[in-house]
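Undergrad: This is the structure I have questions about; it appears just below.
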Amino acid sequence: MSTSQSEDAFWGLVQICEKYLPGYYSAGLNTDDISFYCFLVLWRFPQRTRFVAHEAIQLDGEILFALLWRVSPSAHQHLKKHKMEPILYMTEWLMCAFSRTLPWASVLRVWDMFFCKGVKIIFRVGLVLLKCMLGSQDKLKKCQGQYETMELLRAIEPCYM
């Protein structure tokens, strides 16, 4: 029995989703849930956020945030001060494995390591980006609020890639 390249690619994607990113993609997850969750976080309705958020992504976001405290306490404190929930800035990073954030050459390097070493590479890249973008006092002074911080995290400077 021979299979086509597109079928091989599909089953490769299934394996990535089930083995490396379990719980990220499920029948109950849709963009409306994530958008609504972000709305609730921004408008400070924490009692509702646990109900709406996808548990695997939220848990990994909390792990990333806890690790950030060890890697860059100043970045951690800044995000905490501005009540920046991890799901606001890292959902796209984790769900897309940086394919929508980094340039393609960097994505391929990250994915090579991801396939060799596992999901810890995704966390390491996220921590490095957060530390580079928010790890110095000069950069933190430019981000006086939640909006400025989100804009900085969305527009990663090429020198960090």
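By convention in this document, the chains of the structure tokens carry letters A, B, ... by their order, each chain's residues are numbered from 1, and ligands are numbered from 1 in the order they are shown.
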Skip segment 126-135 of chain A itself and residues of its chain fewer than 6 positions away, then list as a list of chain:residue names all residues within 9 Å of it, counting only C-alpha atoms.
TA: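 Counting only the stated atoms, we get A:Leu64, A:Phe65, A:Leu67, A:Leu68, A:Val71, A:Ser72, A:Pro73, A:Ser74, A:Ala75, A:His76, A:His78, A:Leu79, A:Met90, A:Trp93, A:Leu94, A:Phe98, A:Cys143, A:Thr149, A:Leu152, A:Leu153, A:Ile156, A:Glu157, A:Tyr160, A:Met161.
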Undergrad: Would you put the residues from that selection into a file with C-alpha atoms, as a PDB file, in the first residue's frame?
TA:
ATOM      1  CA  LEU A  64       6.148  29.233  31.384  1.00  0.00           C
ATOM      2  CA  PHE A  65       5.309  32.138  33.698  1.00  0.00           C
ATOM      3  CA  LEU A  67       9.911  29.506  34.840  1.00  0.00           C
ATOM      4  CA  LEU A  68      10.201  33.142  33.790  1.00  0.00           C
ATOM      5  CA  VAL A  71      15.121  33.222  34.315  1.00  0.00           C
ATOM      6  CA  SER A  72      14.187  36.915  34.404  1.00  0.00           C
ATOM      7  CA  PRO A  73      12.607  38.185  37.631  1.00  0.00           C
ATOM      8  CA  SER A  74      12.287  41.718  36.204  1.00  0.00           C
ATOM      9  CA  ALA A  75      10.278  40.494  33.178  1.00  0.00           C
ATOM     10  CA  HIS A  76       8.137  38.306  35.458  1.00  0.00           C
ATOM     11  CA  HIS A  78       6.591  43.518  34.882  1.00  0.00           C
ATOM     12  CA  LEU A  79       4.059  41.067  33.448  1.00  0.00           C
ATOM     13  CA  MET A  90       1.963  32.806  24.525  1.00  0.00           C
ATOM     14  CA  TRP A  93       3.674  30.782  20.403  1.00  0.00           C
ATOM     15  CA  LEU A  94       2.683  27.406  21.810  1.00  0.00           C
ATOM     16  CA  PHE A  98       6.493  29.890  16.781  1.00  0.00           C
ATOM     17  CA  CYS A 143       6.367  49.467  28.248  1.00  0.00           C
ATOM     18  CA  THR A 149       3.885  45.379  26.535  1.00  0.00           C
ATOM     19  CA  LEU A 152       6.452  44.732  22.137  1.00  0.00           C
ATOM     20  CA  LEU A 153       5.803  40.989  22.473  1.00  0.00           C
ATOM     21  CA  ILE A 156       9.805  40.836  18.125  1.00  0.00           C
ATOM     22  CA  GLU A 157      12.869  42.695  16.939  1.00  0.00           C
ATOM     23  CA  TYR A 160      16.509  38.506  18.745  1.00  0.00           C
ATOM     24  CA  MET A 161      15.811  36.010  16.001  1.00  0.00           C
TER      25      MET A 161
END
Undergrad: Which one of A:Phe123, A:Pro103, A:Glu151, A:Phe115 sits closest to Gly61 of chain A if you count only C-alpha atoms?
TA: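 So, comparing all the options, the nearest one is A:Phe123.
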Undergrad: Figure out the distance between atom CA of Glu85 of chain A and atom CA of Glu62 of chain A, please, to one decimal in Å.
TA: 8.5 Å
Undergrad: Neighbours of Trp111 of chain A within 12 Å (only C-alpha atoms; same-chain residues fewer than 4 positions away dropped), as a PDB file with N, CA, C and O atoms, in the first residue's frame?
TA:
ATOM      1  N   ILE A  16       2.530  14.970  15.820  1.00  0.00           N
ATOM      2  CA  ILE A  16       3.041  16.147  16.538  1.00  0.00           C
ATOM      3  C   ILE A  16       2.008  16.633  17.551  1.00  0.00           C
ATOM      4  O   ILE A  16       2.332  16.894  18.712  1.00  0.00           O
ATOM      5  N   TYR A  20       3.625  15.610  21.055  1.00  0.00           N
ATOM      6  CA  TYR A  20       4.365  16.739  21.588  1.00  0.00           C
ATOM      7  C   TYR A  20       3.481  17.828  22.193  1.00  0.00           C
ATOM      8  O   TYR A  20       3.911  18.555  23.075  1.00  0.00           O
ATOM      9  N   CYS A  96       1.217  27.372  17.682  1.00  0.00           N
ATOM     10  CA  CYS A  96       1.803  27.390  16.340  1.00  0.00           C
ATOM     11  C   CYS A  96       3.285  27.059  16.353  1.00  0.00           C
ATOM     12  O   CYS A  96       3.939  27.118  15.313  1.00  0.00           O
ATOM     13  N   ALA A  97       3.817  26.711  17.514  1.00  0.00           N
ATOM     14  CA  ALA A  97       5.239  26.382  17.659  1.00  0.00           C
ATOM     15  C   ALA A  97       6.114  27.451  16.992  1.00  0.00           C
ATOM     16  O   ALA A  97       7.042  27.149  16.261  1.00  0.00           O
ATOM     17  N   PHE A  98       5.760  28.712  17.248  1.00  0.00           N
ATOM     18  CA  PHE A  98       6.493  29.890  16.781  1.00  0.00           C
ATOM     19  C   PHE A  98       6.453  30.117  15.264  1.00  0.00           C
ATOM     20  O   PHE A  98       7.123  31.010  14.771  1.00  0.00           O
ATOM     21  N   SER A  99       5.655  29.356  14.537  1.00  0.00           N
ATOM     22  CA  SER A  99       5.636  29.513  13.078  1.00  0.00           C
ATOM     23  C   SER A  99       5.026  30.839  12.636  1.00  0.00           C
ATOM     24  O   SER A  99       5.285  31.285  11.519  1.00  0.00           O
ATOM     25  N   LEU A 102       8.244  33.863  14.510  1.00  0.00           N
ATOM     26  CA  LEU A 102       9.643  33.973  14.095  1.00  0.00           C
ATOM     27  C   LEU A 102       9.773  33.884  12.581  1.00  0.00           C
ATOM     28  O   LEU A 102       8.895  33.333  11.907  1.00  0.00           O
ATOM     29  N   TRP A 104      11.046  32.354   9.049  1.00  0.00           N
ATOM     30  CA  TRP A 104      11.045  30.943   8.671  1.00  0.00           C
ATOM     31  C   TRP A 104      12.357  30.232   8.986  1.00  0.00           C
ATOM     32  O   TRP A 104      12.353  29.098   9.457  1.00  0.00           O
ATOM     33  N   ALA A 105      13.497  30.863   8.765  1.00  0.00           N
ATOM     34  CA  ALA A 105      14.787  30.235   9.047  1.00  0.00           C
ATOM     35  C   ALA A 105      14.902  29.908  10.542  1.00  0.00           C
ATOM     36  O   ALA A 105      15.394  28.840  10.920  1.00  0.00           O
ATOM     37  N   SER A 106      14.415  30.798  11.389  1.00  0.00           N
ATOM     38  CA  SER A 106      14.445  30.553  12.843  1.00  0.00           C
ATOM     39  C   SER A 106      13.450  29.465  13.234  1.00  0.00           C
ATOM     40  O   SER A 106      13.733  28.641  14.103  1.00  0.00           O
ATOM     41  N   VAL A 107      12.286  29.484  12.586  1.00  0.00           N
ATOM     42  CA  VAL A 107      11.281  28.454  12.862  1.00  0.00           C
ATOM     43  C   VAL A 107      11.848  27.064  12.581  1.00  0.00           C
ATOM     44  O   VAL A 107      11.685  26.141  13.380  1.00  0.00           O
ATOM     45  N   PHE A 115      11.867  18.641  17.558  1.00  0.00           N
ATOM     46  CA  PHE A 115      11.709  17.224  17.222  1.00  0.00           C
ATOM     47  C   PHE A 115      12.780  16.357  17.860  1.00  0.00           C
ATOM     48  O   PHE A 115      12.561  15.177  18.112  1.00  0.00           O
ATOM     49  N   CYS A 116      13.938  16.924  18.133  1.00  0.00           N
ATOM     50  CA  CYS A 116      15.017  16.160  18.776  1.00  0.00           C
ATOM     51  C   CYS A 116      14.853  16.099  20.291  1.00  0.00           C
ATOM     52  O   CYS A 116      15.071  15.049  20.899  1.00  0.00           O
ATOM     53  N   LYS A 117      14.493  17.201  20.899  1.00  0.00           N
ATOM     54  CA  LYS A 117      14.506  17.302  22.360  1.00  0.00           C
ATOM     55  C   LYS A 117      13.127  17.393  23.002  1.00  0.00           C
ATOM     56  O   LYS A 117      13.009  17.323  24.217  1.00  0.00           O
ATOM     57  N   GLY A 118      12.094  17.633  22.197  1.00  0.00           N
ATOM     58  CA  GLY A 118      10.748  17.675  22.755  1.00  0.00           C
ATOM     59  C   GLY A 118      10.257  19.080  23.071  1.00  0.00           C
ATOM     60  O   GLY A 118      10.866  20.077  22.711  1.00  0.00           O
ATOM     61  N   VAL A 119       9.149  19.128  23.794  1.00  0.00           N
ATOM     62  CA  VAL A 119       8.426  20.369  24.051  1.00  0.00           C
ATOM     63  C   VAL A 119       9.224  21.345  24.911  1.00  0.00           C
ATOM     64  O   VAL A 119       8.964  22.549  24.887  1.00  0.00           O
ATOM     65  N   LYS A 120      10.219  20.877  25.631  1.00  0.00           N
ATOM     66  CA  LYS A 120      11.002  21.800  26.461  1.00  0.00           C
ATOM     67  C   LYS A 120      11.677  22.881  25.609  1.00  0.00           C
ATOM     68  O   LYS A 120      11.930  23.974  26.088  1.00  0.00           O
ATOM     69  N   ILE A 121      11.915  22.599  24.350  1.00  0.00           N
ATOM     70  CA  ILE A 121      12.512  23.592  23.450  1.00  0.00           C
ATOM     71  C   ILE A 121      11.547  24.758  23.242  1.00  0.00           C
ATOM     72  O   ILE A 121      11.966  25.922  23.204  1.00  0.00           O
ATOM     73  N   ILE A 122      10.270  24.465  23.126  1.00  0.00           N
ATOM     74  CA  ILE A 122       9.273  25.528  22.959  1.00  0.00           C
ATOM     75  C   ILE A 122       9.297  26.449  24.180  1.00  0.00           C
ATOM     76  O   ILE A 122       9.255  27.671  24.056  1.00  0.00           O
ATOM     77  N   VAL A 125      12.575  28.592  24.113  1.00  0.00           N
ATOM     78  CA  VAL A 125      12.503  29.695  23.148  1.00  0.00           C
ATOM     79  C   VAL A 125      11.604  30.802  23.698  1.00  0.00           C
ATOM     80  O   VAL A 125      11.942  31.991  23.622  1.00  0.00           O
TER      81      VAL A 125
END
